[in-house]
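A short worksheet on the structure shown next.
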There are 2 protein chains.
Amino acid sequence: MSDARRLEVLRAIVEDFVQSREPVGSKALLDRHNLGVSAATVRNDMAVLEEEGLIVAPHTSSGRIPTERGYRQFVDRIEEVRPLSPAERRAIQSLMEGAADVEDVLEGTVRLLAQLTNQVAVLQVPQFSNTAVRHIELVGLGERRVLVVLIGSNGKVEQRVVHLQADVTDEDLVLVKTALLNSLHGRRLDEIAGLLGAAVRELPPVLQPTGHTVAAAVQALSEHGVVDRVIMAGTANLARSDRDFALTITPVLEALEEQVVLLRLLSEMELDARGIAVKIGRENVYDGLTETSVVATGYGPEQRAKIGVLGPTRMDYGSSMSAVRAVARYLSRILVG
Amino acid sequence: MSDARRLEVLRAIVEDFVQSREPVGSKALLDRHNLGVSAATVRNDMAVLEEEGLIVAPHTSSGRIPTERGYRQFVDRIEEVRPLSPAERRAIQSLMEGAADVEDVLEGTVRLLAQLTNQVAVLQVPQFSNTAVRHIELVGLGERRVLVVLIGSNGKVEQRVVHLQADVTDEDLVLVKTALLNSLHGRRLDEIAGLLGAAVRELPPVLQPTGHTVAAAVQALSEHGVVDRVIMAGTANLARSDRDFALTITPVLEALEEQVVLLRLLSEMELDARGIAVKIGRENVYDGLTETSVVATGYGPEQRAKIGVLGPTRMDYGSSMSAVRAVARYLSRILVG
DNA sequence: CTTAGCACTTGAACGTGTCGAGTGCTAAGC
DNA sequence: GCTTAGCACTCGACACGTTCAAGTGCTAAG
């Protein structure tokens with residue numbers, strides 16, 4: 001009982017099903033794939049795969065369709081990333097040339113990705129709110145604990161408790177606070193990261209560690225205030241993709257309208273060794289997205305921002321992965337250049 | 001043959017059909033409306049309405065459904081605008097209170113409208129691009145014609161030929177150009193309207209008419225560069241609204257993704273005496289929207305910007321019209337206050 | 001002008017029979 | 001011990017015929 005062949009059978013089933021959207025049986029499989037064995041053997045393999053929970057038969061005596069676990073197996077085993085076709089390269093090229101400003105590039109990229117994959121494309125844009133620092137307050141809580149409060153010009157208040165490595169007096173705290181305020185007051189949240197270091201350096205040496213700890217907290221808080229934006233394209237592809245999926249569309253569209261949900265979803269995705277993240281069906285905990293899959297990767301500096309596509313669980317993961325990756329690379333290159 | 005009753009029958013048919021989504025027959029109509037006549041009479045009226053092209057029967061011996069012309073008749077005859085329910089008022093109230101900044105208000109408004117009408121809500125936001133004036137060039141073409149070129153800091157070039165009332169020398173043109181450039185260079189496009197007058201006034205009296213003409217052209221060109229924005233909500237309602245409409249959804253979603261199309265659509269809508277504009281089915285020339293209707297009105301200063309809802313031709317025009325109007329009024333009030 | 005009655009049409013719903021694709025199992029073969 | 005051919009069985013899809021309810025147009029009477 002060859003383990004390798006069984007996985008090959010799984011692969012074939014997934015591929016066929018993704019294309020035909022119909023349960024695939026043993027004979028049909030042989031017609032389209034050169035497995036080198038007979039239908040009966042394939043049936044045996046299928047039985048095992050079904051026991052393992054990788055495929056199921058919708059009803060007795062119908063072909064099998066992959067389960068979510070089946071897709072997962074399949075996706076995890078994709079190694080070679082299919083290179084883009086010349087036509088696809090050309091599309092990306094022309095996008096680069098028509099690039100007027102950053103916003104145009106981003107929107108163009110999303111559209112392009114949606115078109116390439118025939119799915120919904122989403123792009124997370126790190127957004128630096130133009131709120132400024134109005135006030136910083138440090139409150140000693142005893143036992144080396146300090147409450148750091150950051151008040152923004154939009155009235156939002158962020159706070160956090162930090163633990164210091166050394167004892168400090170209230171006067172010390174005032175010093176630190178003043179130093180920070182001097183260099184940060186009125187600055188925009190996205191600017192302060194670069195200013196904190198200098199501010200701390202101006203403190204007397206004894207207070208440097210304390211300053212560092214507090215500065216780190218301020219930095220973290222400022223990032224809290226940043227609400228990213230989402231650019232989206234290709235929602236029409238949702239309806240196009242599938243007859244019955246068209247009826248399941250409502251909750252998906254609802255979820256897509258909730259930017260917050262989308263942002264959470266994207267930021268939760270952790271890139272694997274291949275630099276890609278895939279969430280399949282119920283791996284998405286959000287209601288309404290339990291029958292969709294998301295393929296995403298990072299772009300830009302540190303790959304922090306995400307770009308990806310979203311579609312029905314029965315999507316062409318291979319193509320999606322390569323398209324997403326390729327587009328992300330080009331995007332990174334454009335943004336740097 | 002009472003003309004009034006026939007229109008009453010039409011009204012009843014539209015109302016029933018909008019609610020049930022099924023062709024409505026003579027008997028069914030009597031059950032739900034107190035018309036005071038028998039089924040046979042209604043049938044006679046229906047026959048006439050059909051001749052007039054206001055209703056059709058999908059197949060022999062099935063009820064009638066309104067045609068687009070039928071809807072149009074119906075809409076044009078809606079007089080009384082249904083007042084909002086207390087629940088709806090409350091929703092709007094709470095929106096006003098939670099208003100943090102303008103952007104929030106606008107987004108909240110759109111969501112609210114989508115929720116109230118169970119349809120797609122769209123809002124046109126006049127957007128002043130923050131492109132600045134980089135250069136202005138005047139090229140004499142002879143015969144009192146001058147080419148006015150406006151170059152923006154985003155690299156976009158707008159041009160137009162104007163006819164002057166008097167002969168001018170090239171030196172005169174240089175004077176005008178310099179005057180304009182002096183006061184406009186570096187200014188944002190949305191600022192220049194207020195500055196043109198002063199610039200022209202600084203010219204020698206003989207050149208004032210020429211200056212005015214050129215200034216008007218510059219003004220027009222600058223408005224060209226303004227691209228409004230669209231805020232949208234409730235696309236999920238499209239899918240929810242209707243079984244078979246769900247299959248027609250694709251082109252609609254596509255159209256909605258084309259902001260340009262939407263903006264054109266909205267700005268083409270002209271408010272009628274009631275302060276509302278309705279486009280029904282093919283009255284929308286854009287592909288993909290030929291089976292949808294749009295109900296819109298203006299808001300804000302001069303009602304220039306538009307807000308409205310979009311849904312299947314068989315929508316509840318009465319509710320949509322009152323909701324759109326009410327929401328637009330509240331929005332105007334908030335924005336002013 | 002309205003109304004009751006009637007013959008007619010037609011889509012939807014339902015039941016039936018056939019067909020093809022697919023399965024599991026068993027026994028034989030390499 | 002795995003693979004394969006063969007066979008009986010299952011079940012959805014499809015085509016077809018029947019029935020049913022809703023609706024219509026028309027005619028003749030009020």
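Residue numbers start at 1 in each chain; chains themselves are named A, B, ... in the order of the structure tokens; ligands are numbered from 1 in the order shown.
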
Superimpose chain B on chain A so that the squared distances between all in-order C-alpha pairs are minimised, and send the result as a compact mmCIF listing (two decimals) with C-alpha atoms, in the first residue's frame.
# COMPACT_ATOMS: atom_id res chain seq x y z
CA MET B 1 -0.14 -0.28 -0.90
CA SER B 2 1.77 2.61 -2.35
CA ASP B 3 1.65 5.66 -0.15
CA ALA B 4 2.80 7.93 -2.96
CA ARG B 5 0.01 6.85 -5.29
CA ARG B 6 -2.64 7.53 -2.70
CA LEU B 7 -1.43 11.07 -2.40
CA GLU B 8 -1.42 11.28 -6.16
CA VAL B 9 -5.04 10.17 -6.11
CA LEU B 10 -5.83 12.85 -3.56
CA ARG B 11 -4.15 15.43 -5.74
CA ALA B 12 -6.16 14.30 -8.74
CA ILE B 13 -9.40 14.41 -6.79
CA VAL B 14 -8.74 17.92 -5.56
CA GLU B 15 -7.81 19.15 -9.01
CA ASP B 16 -10.81 17.63 -10.67
CA PHE B 17 -13.21 18.74 -8.02
CA VAL B 18 -11.92 22.28 -8.06
CA GLN B 19 -12.48 22.40 -11.75
CA SER B 20 -15.78 20.58 -12.12
CA ARG B 21 -17.35 21.36 -8.77
CA GLU B 22 -18.82 17.90 -8.76
CA PRO B 23 -17.98 14.85 -6.71
CA VAL B 24 -15.44 12.83 -8.58
CA GLY B 25 -15.67 9.08 -8.94
CA SER B 26 -13.09 6.46 -9.62
CA LYS B 27 -13.81 6.08 -13.32
CA ALA B 28 -13.96 9.75 -14.09
CA LEU B 29 -10.62 10.10 -12.41
CA LEU B 30 -9.04 7.56 -14.72
CA ASP B 31 -10.35 9.39 -17.76
CA ARG B 32 -8.56 12.57 -16.87
CA HIS B 33 -5.45 11.36 -15.15
CA ASN B 34 -2.95 8.81 -16.19
CA LEU B 35 -2.66 6.90 -12.97
CA GLY B 36 -1.63 3.62 -14.53
CA VAL B 37 -3.95 1.55 -12.40
CA SER B 38 -7.54 0.43 -12.71
CA ALA B 39 -10.68 1.92 -11.27
CA ALA B 40 -10.97 -0.73 -8.63
CA THR B 41 -7.53 0.09 -7.30
CA VAL B 42 -8.40 3.73 -7.19
CA ARG B 43 -11.51 2.81 -5.25
CA ASN B 44 -9.42 1.01 -2.70
CA ASP B 45 -7.18 4.03 -2.33
CA MET B 46 -10.21 6.23 -2.00
CA ALA B 47 -11.54 4.06 0.79
CA VAL B 48 -8.30 4.56 2.68
CA LEU B 49 -8.27 8.29 2.03
CA GLU B 50 -11.80 8.45 3.36
CA GLU B 51 -10.79 6.59 6.50
CA GLU B 52 -8.01 9.13 6.98
CA GLY B 53 -10.58 11.89 6.75
CA LEU B 54 -9.12 13.50 3.66
CA ILE B 55 -12.13 12.95 1.41
CA VAL B 56 -15.80 12.19 1.93
CA ALA B 57 -18.70 10.93 -0.13
CA PRO B 58 -21.70 13.26 0.11
CA HIS B 59 -23.99 10.24 -0.14
CA THR B 60 -23.59 6.57 -0.68
CA SER B 61 -22.63 5.86 -4.20
CA SER B 62 -21.55 9.26 -5.25
CA GLY B 63 -18.05 10.46 -6.00
CA ARG B 64 -15.81 11.87 -3.30
CA ILE B 65 -15.02 15.44 -2.48
CA PRO B 66 -12.04 16.66 -0.50
CA THR B 67 -12.48 17.62 3.13
CA GLU B 68 -10.76 20.62 4.60
CA ARG B 69 -8.04 18.33 5.86
CA GLY B 70 -7.78 17.03 2.34
CA TYR B 71 -7.22 20.49 0.96
CA ARG B 72 -4.69 21.13 3.67
CA GLN B 73 -2.69 18.03 2.73
CA PHE B 74 -2.88 19.07 -0.88
CA VAL B 75 -1.78 22.62 -0.22
CA ASP B 76 1.08 21.59 2.03
CA ARG B 77 2.43 19.37 -0.69
CA ILE B 78 2.47 22.00 -3.42
CA GLU B 79 6.11 22.58 -4.13
CA GLU B 80 6.69 24.02 -7.52
CA VAL B 81 5.11 27.39 -7.97
CA ARG B 82 3.72 27.66 -11.43
CA PRO B 83 5.34 30.57 -13.25
CA LEU B 84 3.12 33.30 -14.60
CA SER B 85 1.97 33.20 -18.18
CA PRO B 86 3.26 35.82 -20.61
CA ALA B 87 -0.17 37.45 -20.64
CA GLU B 88 -0.03 37.79 -16.89
CA ARG B 89 3.44 39.26 -17.04
CA ARG B 90 2.26 41.78 -19.56
CA ALA B 91 -0.64 42.82 -17.35
CA ILE B 92 1.73 43.45 -14.48
CA GLN B 93 4.12 45.35 -16.75
CA SER B 94 1.43 47.72 -17.94
CA LEU B 95 0.37 48.24 -14.37
CA MET B 96 3.85 49.35 -13.47
CA GLU B 97 3.99 51.81 -16.30
CA GLY B 98 0.65 53.44 -15.59
CA ALA B 99 1.68 54.02 -12.00
CA ALA B 100 0.94 57.62 -11.09
CA ASP B 101 1.11 57.66 -7.31
CA VAL B 102 1.32 55.05 -4.61
CA GLU B 103 -2.41 54.92 -4.08
CA ASP B 104 -2.91 54.19 -7.76
CA VAL B 105 -0.33 51.44 -7.66
CA LEU B 106 -1.97 49.79 -4.69
CA GLU B 107 -5.45 49.93 -6.14
CA GLY B 108 -4.21 48.75 -9.49
CA THR B 109 -2.42 45.86 -7.86
CA VAL B 110 -5.48 44.71 -6.02
CA ARG B 111 -7.61 44.86 -9.12
CA LEU B 112 -5.01 42.99 -11.05
CA LEU B 113 -4.80 40.25 -8.48
CA ALA B 114 -8.56 39.94 -8.39
CA GLN B 115 -8.63 39.64 -12.14
CA LEU B 116 -5.82 37.12 -12.33
CA THR B 117 -7.33 34.82 -9.77
CA ASN B 118 -10.99 35.52 -10.37
CA GLN B 119 -11.37 35.99 -6.69
CA VAL B 120 -11.61 38.66 -4.08
CA ALA B 121 -8.28 40.34 -3.58
CA VAL B 122 -7.39 42.16 -0.39
CA LEU B 123 -4.46 44.34 0.47
CA GLN B 124 -3.48 45.55 3.88
CA VAL B 125 -2.04 49.05 3.87
CA PRO B 126 -0.09 50.14 6.92
CA GLN B 127 -1.75 53.37 7.83
CA PHE B 128 -0.18 55.97 9.99
CA SER B 129 -2.95 57.93 11.51
CA ASN B 130 -2.12 61.60 11.53
CA THR B 131 -3.07 61.95 15.12
CA ALA B 132 -0.52 63.78 17.18
CA VAL B 133 0.58 63.42 20.77
CA ARG B 134 -1.40 65.74 22.97
CA HIS B 135 -0.25 64.61 26.36
CA ILE B 136 1.67 61.98 28.22
CA GLU B 137 1.04 61.27 31.87
CA LEU B 138 2.93 59.04 34.28
CA VAL B 139 1.26 57.95 37.49
CA GLY B 140 3.26 56.19 40.15
CA LEU B 141 1.34 53.28 41.60
CA GLY B 142 3.87 52.21 44.20
CA GLU B 143 5.97 49.07 44.17
CA ARG B 144 7.82 50.26 41.11
CA ARG B 145 4.73 50.22 39.00
CA VAL B 146 3.88 53.15 36.77
CA LEU B 147 0.78 53.83 34.73
CA VAL B 148 1.67 55.31 31.35
CA VAL B 149 -1.10 57.27 29.66
CA LEU B 150 -0.91 58.54 26.12
CA ILE B 151 -3.51 61.01 24.88
CA GLY B 152 -3.84 61.63 21.19
CA SER B 153 -5.08 64.75 19.45
CA ASN B 154 -8.09 62.74 18.30
CA GLY B 155 -9.07 62.33 21.93
CA LYS B 156 -8.21 58.67 22.13
CA VAL B 157 -6.58 57.55 25.32
CA GLU B 158 -4.25 54.57 25.54
CA GLN B 159 -2.83 53.31 28.80
CA ARG B 160 -0.62 50.62 30.18
CA VAL B 161 1.09 49.70 33.44
CA VAL B 162 4.85 49.07 33.38
CA HIS B 163 7.20 47.65 35.96
CA LEU B 164 10.42 49.48 36.62
CA GLN B 165 13.71 47.90 37.60
CA ALA B 166 14.52 50.55 40.20
CA ASP B 167 12.72 52.73 42.72
CA VAL B 168 11.88 56.22 41.51
CA THR B 169 10.43 59.24 43.25
CA ASP B 170 7.52 61.23 41.96
CA GLU B 171 9.95 63.95 41.06
CA ASP B 172 11.85 61.52 38.89
CA LEU B 173 8.66 60.66 37.07
CA VAL B 174 7.98 64.30 36.43
CA LEU B 175 11.45 64.63 34.96
CA VAL B 176 10.91 61.70 32.63
CA LYS B 177 7.49 62.91 31.65
CA THR B 178 8.78 66.39 30.90
CA ALA B 179 11.61 65.06 28.82
CA LEU B 180 9.27 62.93 26.78
CA LEU B 181 6.72 65.67 26.37
CA ASN B 182 9.33 68.16 25.27
CA SER B 183 10.37 66.10 22.33
CA LEU B 184 7.08 64.41 21.52
CA HIS B 185 4.34 66.91 22.07
CA GLY B 186 2.56 67.70 18.85
CA ARG B 187 4.40 65.04 16.89
CA ARG B 188 2.49 62.51 14.83
CA LEU B 189 2.25 59.01 16.24
CA ASP B 190 4.26 57.53 13.43
CA GLU B 191 7.12 59.93 14.03
CA ILE B 192 7.73 59.29 17.68
CA ALA B 193 9.52 55.96 17.31
CA GLY B 194 12.55 57.81 15.99
CA LEU B 195 12.41 60.50 18.64
CA LEU B 196 12.14 58.44 21.81
CA GLY B 197 15.77 57.42 21.89
CA ALA B 198 17.03 60.99 21.80
CA ALA B 199 14.55 62.04 24.47
CA VAL B 200 15.73 59.35 26.83
CA ARG B 201 19.36 60.21 26.23
CA GLU B 202 18.79 63.68 27.59
CA LEU B 203 17.85 62.31 30.98
CA PRO B 204 20.35 62.07 33.81
CA PRO B 205 22.15 58.71 33.71
CA VAL B 206 20.35 57.32 36.77
CA LEU B 207 17.02 57.72 35.09
CA GLN B 208 18.02 56.19 31.78
CA PRO B 209 16.73 52.68 32.53
CA THR B 210 13.42 54.05 33.75
CA GLY B 211 13.24 56.27 30.71
CA HIS B 212 13.81 53.33 28.46
CA THR B 213 11.07 51.29 30.03
CA VAL B 214 8.58 54.10 29.82
CA ALA B 215 9.62 54.96 26.30
CA ALA B 216 9.06 51.38 25.22
CA ALA B 217 5.56 51.55 26.64
CA VAL B 218 4.83 54.82 24.87
CA GLN B 219 6.09 53.32 21.65
CA ALA B 220 3.82 50.31 22.05
CA LEU B 221 0.86 52.52 22.85
CA SER B 222 1.45 54.65 19.80
CA GLU B 223 1.40 51.57 17.61
CA HIS B 224 -1.88 50.72 19.17
CA GLY B 225 -3.31 53.83 17.66
CA VAL B 226 -2.29 52.79 14.18
CA VAL B 227 -5.19 51.27 12.31
CA ASP B 228 -4.31 49.76 9.00
CA ARG B 229 -6.49 50.13 5.99
CA VAL B 230 -7.77 47.54 3.57
CA ILE B 231 -8.10 47.87 -0.16
CA MET B 232 -10.32 45.32 -1.80
CA ALA B 233 -11.41 44.38 -5.27
CA GLY B 234 -13.31 41.67 -7.06
CA THR B 235 -16.20 41.14 -4.71
CA ALA B 236 -18.21 40.49 -7.84
CA ASN B 237 -16.16 37.36 -8.36
CA LEU B 238 -17.74 35.91 -5.27
CA ALA B 239 -21.11 35.83 -6.91
CA ARG B 240 -19.75 34.69 -10.21
CA SER B 241 -17.76 31.82 -8.84
CA ASP B 242 -20.46 29.39 -8.09
CA ARG B 243 -24.16 28.77 -8.23
CA ASP B 244 -24.69 27.53 -4.73
CA PHE B 245 -21.90 29.59 -3.33
CA ALA B 246 -23.90 32.59 -4.45
CA LEU B 247 -26.38 31.74 -1.74
CA THR B 248 -23.67 31.47 0.88
CA ILE B 249 -22.37 34.83 -0.13
CA THR B 250 -24.19 36.99 2.36
CA PRO B 251 -22.09 36.25 5.45
CA VAL B 252 -18.93 36.57 3.40
CA LEU B 253 -19.87 39.99 2.12
CA GLU B 254 -20.72 40.95 5.66
CA ALA B 255 -17.35 39.84 6.90
CA LEU B 256 -15.62 41.71 4.11
CA GLU B 257 -17.37 44.89 5.12
CA GLU B 258 -15.91 44.61 8.58
CA GLN B 259 -12.47 45.98 7.97
CA VAL B 260 -11.51 45.11 11.49
CA VAL B 261 -12.21 41.45 10.93
CA LEU B 262 -10.25 41.44 7.73
CA LEU B 263 -7.27 43.15 9.27
CA ARG B 264 -7.19 40.72 12.14
CA LEU B 265 -7.47 37.86 9.75
CA LEU B 266 -4.60 39.07 7.62
CA SER B 267 -2.29 39.89 10.45
CA GLU B 268 -2.90 36.51 12.05
CA MET B 269 -1.68 34.72 8.98
CA GLU B 270 1.82 33.45 9.40
CA LEU B 271 3.95 32.81 6.37
CA ASP B 272 5.32 29.30 6.02
CA ALA B 273 8.63 28.23 4.63
CA ARG B 274 7.48 29.00 1.11
CA GLY B 275 6.65 32.53 2.17
CA ILE B 276 2.94 31.94 1.81
CA ALA B 277 0.10 31.52 4.25
CA VAL B 278 -3.06 29.57 3.55
CA LYS B 279 -6.11 29.33 5.73
CA ILE B 280 -8.69 26.81 4.73
CA GLY B 281 -12.35 26.85 5.69
CA ARG B 282 -12.82 26.61 9.42
CA GLU B 283 -9.21 27.42 10.02
CA ASN B 284 -10.70 30.89 9.75
CA VAL B 285 -12.34 31.31 13.09
CA TYR B 286 -14.48 34.21 11.99
CA ASP B 287 -18.12 33.50 11.41
CA GLY B 288 -19.06 33.92 7.85
CA LEU B 289 -15.66 32.94 6.57
CA THR B 290 -15.82 29.33 7.60
CA GLU B 291 -16.49 28.25 4.05
CA THR B 292 -13.85 30.38 2.47
CA SER B 293 -10.14 30.08 2.15
CA VAL B 294 -7.52 32.76 2.19
CA VAL B 295 -4.18 32.70 0.45
CA ALA B 296 -1.86 35.49 1.48
CA THR B 297 1.73 36.60 1.54
CA GLY B 298 3.67 39.61 2.69
CA TYR B 299 4.94 42.53 0.70
CA GLY B 300 7.05 45.60 1.17
CA PRO B 301 9.73 46.05 3.78
CA GLU B 302 9.92 43.07 6.12
CA GLN B 303 6.89 41.57 4.44
CA ARG B 304 4.93 43.15 7.26
CA ALA B 305 1.90 44.16 5.22
CA LYS B 306 -0.15 41.43 3.66
CA ILE B 307 -1.71 40.87 0.29
CA GLY B 308 -3.90 37.95 -0.66
CA VAL B 309 -7.00 36.50 -2.16
CA LEU B 310 -10.12 35.07 -0.65
CA GLY B 311 -12.49 32.59 -2.23
CA PRO B 312 -14.57 29.49 -1.71
CA THR B 313 -12.87 26.56 -0.02
CA ARG B 314 -12.88 24.82 -3.34
CA MET B 315 -10.50 27.21 -4.97
CA ASP B 316 -7.57 26.61 -7.25
CA TYR B 317 -4.91 26.84 -4.57
CA GLY B 318 -2.04 26.33 -6.97
CA SER B 319 -2.90 29.25 -9.21
CA SER B 320 -3.87 31.44 -6.31
CA MET B 321 -0.60 30.84 -4.54
CA SER B 322 1.53 31.59 -7.54
CA ALA B 323 -0.51 34.64 -8.53
CA VAL B 324 -0.44 36.07 -5.04
CA ARG B 325 3.25 35.50 -4.72
CA ALA B 326 4.11 36.93 -8.11
CA VAL B 327 1.99 40.01 -7.63
CA ALA B 328 3.42 40.58 -4.17
CA ARG B 329 6.94 40.44 -5.54
CA TYR B 330 6.21 42.91 -8.28
CA LEU B 331 4.49 45.18 -5.83
CA SER B 332 7.45 45.13 -3.48
CA ARG B 333 9.73 45.93 -6.37
CA ILE B 334 7.62 48.88 -7.51
CA LEU B 335 7.32 50.31 -4.03
CA VAL B 336 11.05 50.18 -3.48
CA GLY B 337 12.02 51.59 -6.88

Considering only C-alpha atoms (C1' of nucleotides), give me a table of residues in chain D that are at most 12 Å from chain B, with the closest atom pair and distance in Å for each, as JSON lines.
{"residue": "D:DA21", "atom": "C1'", "partner": "B:Ser62", "partner_atom": "CA", "distance": 11.3}
{"residue": "D:DA22", "atom": "C1'", "partner": "B:Ser62", "partner_atom": "CA", "distance": 7.3}
{"residue": "D:DG23", "atom": "C1'", "partner": "B:Ser61", "partner_atom": "CA", "distance": 4.7}
{"residue": "D:DT24", "atom": "C1'", "partner": "B:Ser61", "partner_atom": "CA", "distance": 4.8}
{"residue": "D:DG25", "atom": "C1'", "partner": "B:Arg43", "partner_atom": "CA", "distance": 9.1}
{"residue": "D:DC26", "atom": "C1'", "partner": "B:Ala40", "partner_atom": "CA", "distance": 10.9}

Write the residues of the selection above to a file with C-alpha atoms (C1' of nucleotides), as a tab-separated table (two decimals), in the first residue's frame.
chain	number	residue	atom	x	y	z
D	21	DA	C1'	-54.39	25.56	-8.89
D	22	DA	C1'	-54.27	30.05	-10.54
D	23	DG	C1'	-55.19	32.88	-14.02
D	24	DT	C1'	-57.11	34.55	-18.46
D	25	DG	C1'	-60.42	36.03	-22.24
D	26	DC	C1'	-64.92	35.97	-23.72

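Within segment 243-330 of chain B, DSSP run on the backbone puts these residues in strand (DSSP E): Ala277, Val278, Lys279, Thr292, Ser293, Val294, Val295, Ala296, Thr297, Gly298, Tyr299, Ala305, Lys306, Ile307, Gly308, Val309, Leu310, Gly311 and Pro312 of chain B.
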
Export, as a compact mmCIF listing (two decimals), in the first residue's frame, the selected residues with C-alpha atoms.
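Resulting contents of selection-v2.txt:
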# COMPACT_ATOMS: atom_id res chain seq x y z
CA ALA B 277 -34.51 61.50 -8.55
CA VAL B 278 -35.45 57.99 -9.58
CA LYS B 279 -33.95 55.97 -12.38
CA THR B 292 -31.60 47.93 -11.12
CA SER B 293 -33.18 51.13 -10.01
CA VAL B 294 -31.63 54.05 -8.22
CA VAL B 295 -33.34 56.44 -5.86
CA ALA B 296 -31.28 59.47 -4.97
CA THR B 297 -31.44 62.97 -3.62
CA GLY B 298 -29.01 65.74 -2.85
CA TYR B 299 -27.50 66.73 0.44
CA ALA B 305 -23.58 65.95 -3.60
CA LYS B 306 -25.85 62.97 -3.92
CA ILE B 307 -26.96 60.21 -1.64
CA GLY B 308 -29.15 57.31 -2.62
CA VAL B 309 -29.93 53.65 -2.74
CA LEU B 310 -29.69 51.09 -5.47
CA GLY B 311 -31.65 47.88 -5.76
CA PRO B 312 -33.55 45.57 -8.05

> If you run DSSP on the backbone, which residues of segment 184-276 of chain A are helix (DSSP H, G or I), as a PyMOL selection string?
Replying inline: chain A and resi 184+192-201+205-224+235-241+245-257+259-268

> Rounded to one decimal in Å, what is the spacing between atom C1' of DC11 of chain D and atom C1' of DG11 of chain C?
Replying inline: 28.1 Å

> If we count only C-alpha atoms (C1' of nucleotides), what is near segment 16-18 of chain C at a cut-off of 12 Å, once residues fewer than 6 positions away on the same chain are taken out, given as a ChimeraX atom specification?
Replying inline: /D:13-18

What does the file look like for those residues with C-alpha atoms (C1' of nucleotides), as a PDB file, in the first residue's frame?
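Everything below was put into selection07.pdb:
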ATOM      1  C1'  DA D  13     -30.168  13.210 -12.888  1.00  0.00           C
ATOM      2  C1'  DC D  14     -33.302  13.283 -16.491  1.00  0.00           C
ATOM      3  C1'  DA D  15     -37.307  12.600 -19.246  1.00  0.00           C
ATOM      4  C1'  DC D  16     -42.088  12.001 -19.266  1.00  0.00           C
ATOM      5  C1'  DG D  17     -46.879  12.009 -18.028  1.00  0.00           C
ATOM      6  C1'  DT D  18     -50.474  13.415 -14.828  1.00  0.00           C
TER       7       DT D  18
END

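The interface of chain C with chain B at 9 Å, considering only C-alpha atoms (C1' of nucleotides), consists of DC1, DT2, DT3, DA4, DT9, DT10 and DG11 of chain C.
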
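Between atom C1' of DG20 of chain C and atom C1' of DA5 of chain D lies a distance of 19.9 Å.
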
Residue contacts of segment 28-30 of chain C (12 Å, only C-alpha atoms (C1' of nucleotides)) excluding same-chain residues fewer than 3 positions away, as a compact mmCIF listing (two decimals) with N, CA and C atoms (P, O5', C5', C4', C3', O3' and C1' of nucleotides), in the first residue's frame:
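So the final result, stored in result-v4.txt, reads:
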# COMPACT_ATOMS: atom_id res chain seq x y z
P DG D 1 0.49 -11.11 4.63
O5' DG D 1 0.64 -9.98 3.49
C5' DG D 1 1.92 -9.41 3.26
C4' DG D 1 1.83 -8.55 2.02
C3' DG D 1 0.61 -7.63 2.03
O3' DG D 1 0.99 -6.37 1.46
C1' DG D 1 0.54 -9.01 0.13
P DC D 2 0.03 -5.14 1.81
O5' DC D 2 -0.36 -4.64 0.35
C5' DC D 2 0.63 -4.01 -0.43
C4' DC D 2 0.44 -4.36 -1.88
C3' DC D 2 -0.65 -3.53 -2.57
O3' DC D 2 -0.06 -2.88 -3.68
C1' DC D 2 -0.89 -5.83 -3.10
P DT D 3 -0.95 -1.87 -4.51
O5' DT D 3 -1.59 -2.78 -5.62
C5' DT D 3 -0.77 -3.27 -6.67
C4' DT D 3 -1.59 -4.09 -7.61
C3' DT D 3 -2.72 -3.33 -8.32
O3' DT D 3 -2.54 -3.47 -9.71
C1' DT D 3 -3.51 -5.38 -7.45
P DT D 4 -3.40 -2.59 -10.70
O5' DT D 4 -4.54 -3.59 -11.16
C5' DT D 4 -4.18 -4.83 -11.74
C4' DT D 4 -5.37 -5.74 -11.85
C3' DT D 4 -6.61 -5.08 -12.47
O3' DT D 4 -7.00 -5.83 -13.60
C1' DT D 4 -7.16 -6.32 -10.53
P DA D 5 -7.68 -5.11 -14.82
O5' DA D 5 -8.93 -6.06 -15.05
C5' DA D 5 -8.73 -7.46 -15.14
C4' DA D 5 -9.97 -8.19 -14.67
C3' DA D 5 -11.28 -7.66 -15.26
O3' DA D 5 -11.97 -8.75 -15.86
C1' DA D 5 -11.45 -7.86 -12.90
P DG D 6 -13.30 -8.55 -16.66
O5' DG D 6 -14.38 -8.95 -15.55
C5' DG D 6 -14.14 -10.10 -14.74
C4' DG D 6 -15.27 -10.26 -13.76
C3' DG D 6 -16.63 -9.77 -14.28
O3' DG D 6 -17.62 -10.71 -13.93
C1' DG D 6 -16.12 -8.69 -12.24

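Take atom C1' of DG15 of chain C and atom C1' of DC20 of chain D: the distance between them is 13.9 Å.
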